[in-house]
$ cat query_34.pdb   # PDB, C-alpha atoms
ATOM      1  CA  ALA A   1       3.455  -7.268  -0.653
ATOM      2  CA  VAL A   2       5.929 -10.118  -1.172
ATOM      3  CA  VAL A   3       4.122 -11.296  -4.303
ATOM      4  CA  SER A   4       3.878  -7.741  -5.678
ATOM      5  CA  THR A   5       7.582  -7.179  -5.080
ATOM      6  CA  GLN A   6       8.435 -10.442  -6.837
ATOM      7  CA  ARG A   7       6.201  -9.533  -9.791
ATOM      8  CA  ILE A   8       7.954  -6.179 -10.261
ATOM      9  CA  GLU A   9      11.419  -7.705  -9.799
ATOM     10  CA  LEU A  10      10.693 -10.323 -12.470
ATOM     11  CA  TYR A  11       8.944  -8.204 -15.094
ATOM     12  CA  GLY A  12       9.253  -4.544 -14.123
ATOM     13  CA  CYS A  13       6.403  -2.207 -14.966
ATOM     14  CA  ASN A  14       5.398  -3.981 -18.158
ATOM     15  CA  ILE A  15       2.338  -6.145 -18.691
ATOM     16  CA  VAL A  16       3.334  -9.678 -19.674
ATOM     17  CA  VAL A  17       1.441 -12.655 -21.047
ATOM     18  CA  GLY A  18      -0.008 -14.547 -18.078
ATOM     19  CA  ASP A  19      -0.648 -11.469 -15.917
ATOM     20  CA  LEU A  20      -4.131 -10.913 -14.550
ATOM     21  CA  VAL A  21      -5.943  -7.628 -15.208
ATOM     22  CA  LYS A  22      -9.202  -6.113 -14.079
ATOM     23  CA  THR A  23     -11.343  -4.978 -17.002
ATOM     24  CA  SER A  24     -13.575  -1.909 -17.097
ATOM     25  CA  ASN A  25     -16.556  -4.131 -16.215
ATOM     26  CA  ASP A  26     -14.708  -5.591 -13.172
ATOM     27  CA  GLU A  27     -13.867  -8.938 -14.763
ATOM     28  CA  ILE A  28     -10.518 -10.575 -13.998
ATOM     29  CA  ILE A  29      -8.923 -11.908 -17.166
ATOM     30  CA  LYS A  30      -5.559 -13.328 -18.150
ATOM     31  CA  ILE A  31      -3.344 -11.407 -20.542
ATOM     32  CA  ASN A  32      -2.558 -13.133 -23.810
ATOM     33  CA  GLN A  33      -0.926 -12.054 -27.086
ATOM     34  CA  ASP A  34      -4.284 -10.868 -28.469
ATOM     35  CA  ASN A  35      -5.211  -8.501 -25.621
ATOM     36  CA  ILE A  36      -1.852  -7.402 -24.198
ATOM     37  CA  SER A  37      -1.907  -4.026 -25.978
ATOM     38  CA  GLN A  38      -5.281  -3.122 -24.425
ATOM     39  CA  TYR A  39      -4.013  -2.941 -20.836
ATOM     40  CA  SER A  40      -1.415  -1.131 -18.761
ATOM     41  CA  ILE A  41       0.407  -1.929 -15.535
ATOM     42  CA  TYR A  42      -2.323   0.006 -13.695
ATOM     43  CA  ASP A  43      -4.852  -2.663 -14.758
ATOM     44  CA  CYS A  44      -2.669  -5.502 -13.439
ATOM     45  CA  VAL A  45      -3.958  -7.256 -10.300
ATOM     46  CA  ILE A  46      -2.231  -9.521  -7.808
ATOM     47  CA  PRO A  47      -4.239 -12.207  -6.020
ATOM     48  CA  ILE A  48      -4.756 -12.354  -2.299
ATOM     49  CA  VAL A  49      -4.473 -16.119  -2.230
ATOM     50  CA  GLY A  50      -7.589 -18.140  -1.516
ATOM     51  CA  PHE A  51      -9.580 -21.009  -3.014
ATOM     52  CA  GLY A  52     -11.584 -18.726  -5.341
ATOM     53  CA  VAL A  53      -8.861 -16.754  -7.113
ATOM     54  CA  GLU A  54      -7.086 -17.444 -10.332
ATOM     55  CA  LEU A  55      -3.314 -17.259 -10.109
ATOM     56  CA  PRO A  56      -1.346 -15.452 -12.804
ATOM     57  CA  ASN A  57       0.881 -17.672 -14.938
ATOM     58  CA  SER A  58       3.661 -15.140 -14.401
ATOM     59  CA  LEU A  59       3.711 -15.878 -10.638
ATOM     60  CA  LEU A  60       2.314 -19.411 -10.434
ATOM     61  CA  GLU A  61       5.631 -21.041  -9.541
ATOM     62  CA  TYR A  62       6.570 -18.356  -7.006
ATOM     63  CA  ILE A  63       3.220 -18.477  -5.176
ATOM     64  CA  GLY A  64       3.398 -22.281  -5.173
ATOM     65  CA  GLU A  65       6.852 -22.148  -3.546
ATOM     66  CA  LEU A  66       5.619 -19.698  -0.884
ATOM     67  CA  LEU A  67       2.708 -21.951   0.013
ATOM     68  CA  SER A  68       4.757 -25.157  -0.032
ATOM     69  CA  LYS A  69       7.206 -23.730   2.522
ATOM     70  CA  ASP A  70       4.362 -24.062   5.042
ATOM     71  CA  ASP A  71       2.925 -27.263   3.519
ATOM     72  CA  ILE A  72      -0.132 -25.359   2.269
ATOM     73  CA  THR A  73      -2.063 -25.785  -0.957
ATOM     74  CA  ILE A  74      -4.839 -23.634  -2.395
ATOM     75  CA  MET A  75      -7.379 -26.190  -1.205
ATOM     76  CA  HIS A  76      -6.377 -25.554   2.421
ATOM     77  CA  PHE A  77      -8.207 -22.231   2.045
ATOM     78  CA  LYS A  78     -11.525 -24.043   1.474
ATOM     79  CA  HIS A  79     -13.215 -25.554   4.512
ATOM     80  CA  LYS A  80     -16.561 -27.250   5.001
ATOM     81  CA  ILE A  81     -17.313 -24.628   7.680
ATOM     82  CA  LYS A  82     -17.762 -21.442   5.669
ATOM     83  CA  GLU A  83     -16.337 -19.143   8.371
ATOM     84  CA  TYR A  84     -13.004 -20.998   8.149
ATOM     85  CA  SER A  85     -12.744 -20.604   4.380
ATOM     86  CA  CYS A  86     -10.844 -17.897   2.591
ATOM     87  CA  LYS A  87     -12.028 -17.219  -0.953
ATOM     88  CA  GLY A  88      -9.290 -14.695  -1.708
ATOM     89  CA  ASP A  89      -9.475 -11.474  -3.679
ATOM     90  CA  TYR A  90      -7.455  -9.250  -5.981
ATOM     91  CA  ARG A  91      -5.597  -5.976  -5.433
ATOM     92  CA  PHE A  92      -4.141  -3.697  -8.046
ATOM     93  CA  LEU A  93      -0.386  -4.070  -8.391
ATOM     94  CA  MET A  94      -0.026  -0.294  -8.772
ATOM     95  CA  CYS A  95      -2.334   2.656  -8.597
ATOM     96  CA  LEU A  96      -2.097   6.311  -9.474
ATOM     97  CA  CYS A  97      -2.212   8.874  -6.723
ATOM     98  CA  LYS A  98      -4.378  11.914  -7.418
ATOM     99  CA  ASP A  99      -4.383  15.430  -5.999
ATOM    100  CA  LEU A 100      -0.861  15.064  -4.603
ATOM    101  CA  SER A 101       0.499  18.153  -2.901
ATOM    102  CA  TYR A 102       3.105  18.668  -0.234
ATOM    103  CA  SER A 103       4.725  21.339   1.845
ATOM    104  CA  MET A 104       7.524  21.639   4.355
ATOM    105  CA  SER A 105       6.939  23.384   7.656
ATOM    106  CA  HIS A 106       9.222  24.192  10.556
ATOM    107  CA  TYR A 107       8.012  24.094  14.151
ATOM    108  CA  GLU A 108       9.365  23.995  17.685
ATOM    109  CA  ASN A 109       6.796  22.271  19.901
ATOM    110  CA  MET A 110       6.481  18.519  19.290
ATOM    111  CA  ASP A 111       2.851  18.665  20.488
ATOM    112  CA  GLN A 112       1.905  21.403  18.055
ATOM    113  CA  ILE A 113      -0.962  20.566  15.689
ATOM    114  CA  LEU A 114       0.294  21.052  12.138
ATOM    115  CA  THR A 115      -2.724  20.053  10.054
ATOM    116  CA  VAL A 116      -6.492  20.046  10.242
ATOM    117  CA  ASN A 117      -7.790  16.474  10.192
ATOM    118  CA  ASP A 118     -11.126  15.228   8.861
ATOM    119  CA  TRP A 119     -12.757  15.528  12.279
ATOM    120  CA  ASP A 120     -11.679  19.167  12.517
ATOM    121  CA  ARG A 121     -13.091  19.815   9.051
ATOM    122  CA  MET A 122     -16.433  18.282  10.066
ATOM    123  CA  GLN A 123     -16.432  20.652  13.029
ATOM    124  CA  ASN A 124     -15.946  23.582  10.587
ATOM    125  CA  CYS A 125     -12.429  24.356  11.734
ATOM    126  CA  SER A 126     -10.925  27.138   9.665
ATOM    127  CA  GLU A 127      -8.621  26.015   6.871
ATOM    128  CA  GLN A 128      -6.611  29.179   7.580
ATOM    129  CA  SER A 129      -5.270  27.545  10.727
ATOM    130  CA  GLU A 130      -4.331  24.369   8.891
ATOM    131  CA  ILE A 131      -0.610  24.906   9.273
ATOM    132  CA  GLY A 132       0.002  25.682  12.894
ATOM    133  CA  ALA A 133       3.711  26.231  12.446
ATOM    134  CA  ASN A 134       5.026  29.690  11.777
ATOM    135  CA  GLY A 135       8.013  28.705   9.670
ATOM    136  CA  LYS A 136      10.436  28.881  12.583
ATOM    137  CA  GLY A 137      11.718  26.034  14.668
ATOM    138  CA  THR A 138      14.221  23.234  14.886
ATOM    139  CA  HIS A 139      11.882  20.486  13.623
ATOM    140  CA  THR A 140      10.751  20.031  10.036
ATOM    141  CA  ALA A 141       7.444  18.489   8.978
ATOM    142  CA  PHE A 142       6.774  17.041   5.534
ATOM    143  CA  ILE A 143       3.049  17.552   5.041
ATOM    144  CA  THR A 144       1.314  15.680   2.219
ATOM    145  CA  LYS A 145      -2.207  15.590   0.849
ATOM    146  CA  PHE A 146      -3.358  13.024  -1.695
ATOM    147  CA  THR A 147      -6.231  10.860  -2.861
ATOM    148  CA  LEU A 148      -5.945   7.110  -3.442
ATOM    149  CA  PRO A 149      -8.513   4.686  -4.832
ATOM    150  CA  SER A 150     -10.182   2.228  -2.493
ATOM    151  CA  GLY A 151      -7.949  -0.737  -1.694
ATOM    152  CA  CYS A 152      -4.693   1.187  -2.056
ATOM    153  CA  TYR A 153      -2.450   1.755   0.915
ATOM    154  CA  ALA A 154      -1.324   5.231   1.978
ATOM    155  CA  THR A 155       1.616   3.717   3.852
ATOM    156  CA  MET A 156       3.024   2.396   0.575
ATOM    157  CA  LEU A 157       2.766   5.838  -1.032
ATOM    158  CA  ILE A 158       4.444   7.469   1.962
ATOM    159  CA  ARG A 159       7.193   4.849   1.885
ATOM    160  CA  GLU A 160       7.810   5.579  -1.802
ATOM    161  CA  LEU A 161       7.763   9.350  -1.292
ATOM    162  CA  THR A 162      10.100   9.325   1.692
ATOM    163  CA  ARG A 163      12.115   6.193   0.942
ATOM    164  CA  VAL A 164      11.734   5.239   4.608
ATOM    165  CA  ASP A 165      11.016   1.688   5.713
ATOM    166  CA  THR A 166       7.436   1.697   7.062
ATOM    167  CA  ALA A 167       7.594  -1.742   8.664
ATOM    168  CA  HIS A 168       6.328  -1.704  12.255
ATOM    169  CA  LEU A 169       9.681  -2.695  13.759
ATOM    170  CA  SER A 170      11.589  -0.022  11.811
ATOM    171  CA  LEU A 171       9.186   2.702  12.923
ATOM    172  CA  LYS A 172       9.312   1.478  16.518
ATOM    173  CA  LEU A 173      13.124   1.553  16.526
ATOM    174  CA  ALA A 174      13.137   5.055  15.002
ATOM    175  CA  ASP A 175      10.703   6.240  17.684
ATOM    176  CA  GLU A 176      12.838   4.716  20.452
ATOM    177  CA  MET A 177      15.963   6.369  19.041
ATOM    178  CA  TYR A 178      14.174   9.739  18.902
ATOM    179  CA  THR A 179      12.821   9.330  22.454
ATOM    180  CA  ASP A 180      16.242   8.294  23.810
ATOM    181  CA  LYS A 181      17.870  11.287  22.065
ATOM    182  CA  ASN A 182      15.367  13.744  23.535
ATOM    183  CA  ILE A 183      15.641  12.282  27.042
ATOM    184  CA  SER A 184      19.447  12.571  26.954
ATOM    185  CA  ASN A 185      19.192  16.213  25.783
ATOM    186  CA  GLU A 186      17.021  17.253  28.749
TER     187      GLU A 186
END
$ encode --input "query_34.pdb" --output "structure tokens"
Amino acid sequence: AVVSTQRIELYGCNIVVGDLVKTSNDEIIKINQDNISQYSIYDCVIPIVGFGVELPNSLLEYIGELLSKDDITIMHFKHKIKEYSCKGDYRFLMCLCKDLSYSMSHYENMDQILTVNDWDRMQNCSEQSEIGANGKGTHTAFITKFTLPSGCYATMLIRELTRVDTAHLSLKLADEMYTDKNISNE
């Protein structure tokens, strides 16, 4: 995530010479002046660093600085014992969400089931009962449905939709604040 953030801070949502893209036949290639017009930001990939990935020119210096802070080089990811090696991989910098829908629902009981999950659907639970709330209550739920391609993270989409920090510590602190508030109200 740090490398992706740096990439967007440096160049925004534009493809630049030196970026890496994934082609329609799953090849990873470097962008140059001749092919730059053939690709969009949604083709751009960011490496998960390892001994077998190519680094984009646009982030070469930044990734090098990150590694050098811990006295690591790319070759530290290759080990004579295969299980200790890390080849690396690529992830798309951005992806498009499909089938996005949302609704707001009000409810009273914090233990109330508000949506039907995949397990419920496999058990042929009625979609009619999907929203358990009746529109009344002091609590509000933001209910989303969406489809993401493999390798994309739902937490990142939710963070962007809600503009809430989804880091573990932030969520833990928010939960503790909510719990403390409810205990003091009882």
$ resolve_selection --input "query_34.pdb" --expression "the PyMOL selection byres ((chain A and resi 30) around 6)" --output "number ranges by chain"
A: 18-20, 29, 31
$ residues_around --input "query_34.pdb" --residues "Met75 in chain A" --least-positions-apart "4" --cutoff "10 Å" --atoms "only C-alpha atoms" --output "list of chain:residue names"
A:Gly50, A:Phe51, A:Gly52, A:His79, A:Ser85, A:Cys86
$ resolve_selection --input "query_34.pdb" --expression "the PyMOL selection byres ((chain A and resi 107) around 8)" --output "list in words"
Ser105, His106, Glu108, Asn109, Met110, Gln112, Ala133, Asn134, Gly135, Lys136, Gly137, Thr138, His139, Thr140 and Ala141 of chain A
$ atom_distance --input "query_34.pdb" --atom1 "CA of Phe142 in chain A" --atom2 "CA of Leu93 in chain A"
26.3 Å
$ resolve_selection --input "query_34.pdb" --expression "the PyMOL selection byres ((chain A and resi 45) around 10)" --output "PyMOL selection string"
chain A and resi 4+19-22+28-29+41-44+46-48+56+89-94
$ atom_distance --input "query_34.pdb" --atom1 "CA of Gln123 in chain A" --atom2 "CA of Lys145 in chain A"
19.4 Å
$ atom_distance --input "query_34.pdb" --atom1 "CA of Val49 in chain A" --atom2 "CA of Phe77 in chain A"
8.3 Å
$ residues_around --input "query_34.pdb" --residues "Leu148 in chain A" --least-positions-apart "4" --cutoff "7 Å" --atoms "all atoms listed in the file" --output "NGL selection string"
:A and (97-98 or 152)
$ closest_residue --input "query_34.pdb" --among "A:Ile63, A:Ile113, A:Asn25, A:Gln33" --to "Arg7 in chain A" --atoms "all atoms listed in the file"
A:Ile63
$ decode --input "query_34.pdb" --residues "range 55-151 of chain A" --atoms "C-alpha atoms" --output "compact mmCIF listing (two decimals), in the first residue's frame"
# COMPACT_ATOMS: atom_id res chain seq x y z
CA LEU A 55 10.56 -2.76 -10.76
CA PRO A 56 8.99 0.21 -12.53
CA ASN A 57 11.39 3.01 -13.43
CA SER A 58 8.86 5.44 -11.96
CA LEU A 59 9.32 3.92 -8.46
CA LEU A 60 12.81 2.42 -8.63
CA GLU A 61 14.41 5.01 -6.36
CA TYR A 62 11.56 4.96 -3.84
CA ILE A 63 11.51 1.15 -3.53
CA GLY A 64 15.30 1.15 -3.22
CA GLU A 65 15.10 3.65 -0.34
CA LEU A 66 12.44 1.54 1.43
CA LEU A 67 14.58 -1.57 1.20
CA SER A 68 17.81 0.18 2.19
CA LYS A 69 16.24 1.44 5.43
CA ASP A 70 16.34 -2.19 6.59
CA ASP A 71 19.63 -3.02 4.81
CA ILE A 72 17.78 -5.23 2.31
CA THR A 73 18.41 -5.70 -1.39
CA ILE A 74 16.34 -7.56 -3.97
CA MET A 75 18.76 -10.46 -3.76
CA HIS A 76 17.88 -11.00 -0.09
CA PHE A 77 14.57 -12.37 -1.38
CA LYS A 78 16.37 -15.25 -3.15
CA HIS A 79 17.63 -18.09 -0.98
CA LYS A 80 19.24 -21.41 -1.79
CA ILE A 81 16.42 -23.07 0.18
CA LYS A 82 13.38 -22.53 -2.03
CA GLU A 83 10.91 -22.23 0.87
CA TYR A 84 12.83 -19.18 2.14
CA SER A 85 12.71 -17.39 -1.21
CA CYS A 86 10.17 -14.82 -2.23
CA LYS A 87 9.74 -14.43 -5.98
CA GLY A 88 7.31 -11.52 -5.71
CA ASP A 89 4.24 -10.75 -7.77
CA TYR A 90 2.22 -7.88 -9.18
CA ARG A 91 -1.06 -6.27 -8.13
CA PHE A 92 -3.12 -3.78 -10.05
CA LEU A 93 -2.67 -0.23 -8.81
CA MET A 94 -6.41 0.41 -9.24
CA CYS A 95 -9.39 -1.64 -10.21
CA LEU A 96 -12.97 -0.91 -11.13
CA CYS A 97 -15.73 -2.03 -8.83
CA LYS A 98 -18.74 -3.59 -10.53
CA ASP A 99 -22.35 -4.03 -9.46
CA LEU A 100 -22.04 -1.39 -6.73
CA SER A 101 -25.23 -0.71 -4.81
CA TYR A 102 -25.90 0.60 -1.35
CA SER A 103 -28.69 1.35 1.04
CA MET A 104 -29.14 2.90 4.45
CA SER A 105 -31.13 1.10 7.11
CA HIS A 106 -32.11 2.04 10.64
CA TYR A 107 -32.30 -0.53 13.42
CA GLU A 108 -32.44 -0.73 17.20
CA ASN A 109 -30.91 -4.05 18.28
CA MET A 110 -27.13 -4.25 17.82
CA ASP A 111 -27.41 -8.04 17.42
CA GLN A 112 -29.98 -7.80 14.65
CA ILE A 113 -29.01 -9.49 11.38
CA LEU A 114 -29.22 -6.88 8.63
CA THR A 115 -28.11 -8.84 5.56
CA VAL A 116 -28.17 -12.35 4.19
CA ASN A 117 -24.62 -13.67 3.84
CA ASP A 118 -23.33 -16.22 1.34
CA TRP A 119 -23.90 -19.09 3.77
CA ASP A 120 -27.53 -18.05 4.20
CA ARG A 121 -27.94 -17.90 0.43
CA MET A 122 -26.53 -21.43 0.08
CA GLN A 123 -29.11 -22.53 2.64
CA ASN A 124 -31.85 -20.97 0.43
CA CYS A 125 -32.66 -18.20 2.87
CA SER A 126 -35.26 -15.87 1.42
CA GLU A 127 -33.90 -12.68 -0.11
CA GLN A 128 -37.08 -10.99 1.16
CA SER A 129 -35.67 -11.12 4.67
CA GLU A 130 -32.35 -9.65 3.58
CA ILE A 131 -32.86 -6.38 5.41
CA GLY A 132 -33.90 -7.26 8.91
CA ALA A 133 -34.36 -3.67 9.99
CA ASN A 134 -37.74 -2.05 9.70
CA GLY A 135 -36.57 1.49 9.06
CA LYS A 136 -36.92 2.52 12.69
CA GLY A 137 -34.22 2.73 15.29
CA THR A 138 -31.41 4.80 16.68
CA HIS A 139 -28.61 3.07 14.74
CA THR A 140 -27.91 3.47 11.04
CA ALA A 141 -26.34 0.82 8.82
CA PHE A 142 -24.65 1.54 5.50
CA ILE A 143 -25.17 -1.64 3.50
CA THR A 144 -23.12 -2.15 0.34
CA LYS A 145 -22.98 -4.81 -2.34
CA PHE A 146 -20.25 -4.94 -4.97
CA THR A 147 -18.05 -7.18 -7.07
CA LEU A 148 -14.26 -6.84 -7.26
CA PRO A 149 -11.78 -8.72 -9.42
CA SER A 150 -9.52 -11.30 -7.82
CA GLY A 151 -6.59 -9.71 -6.00
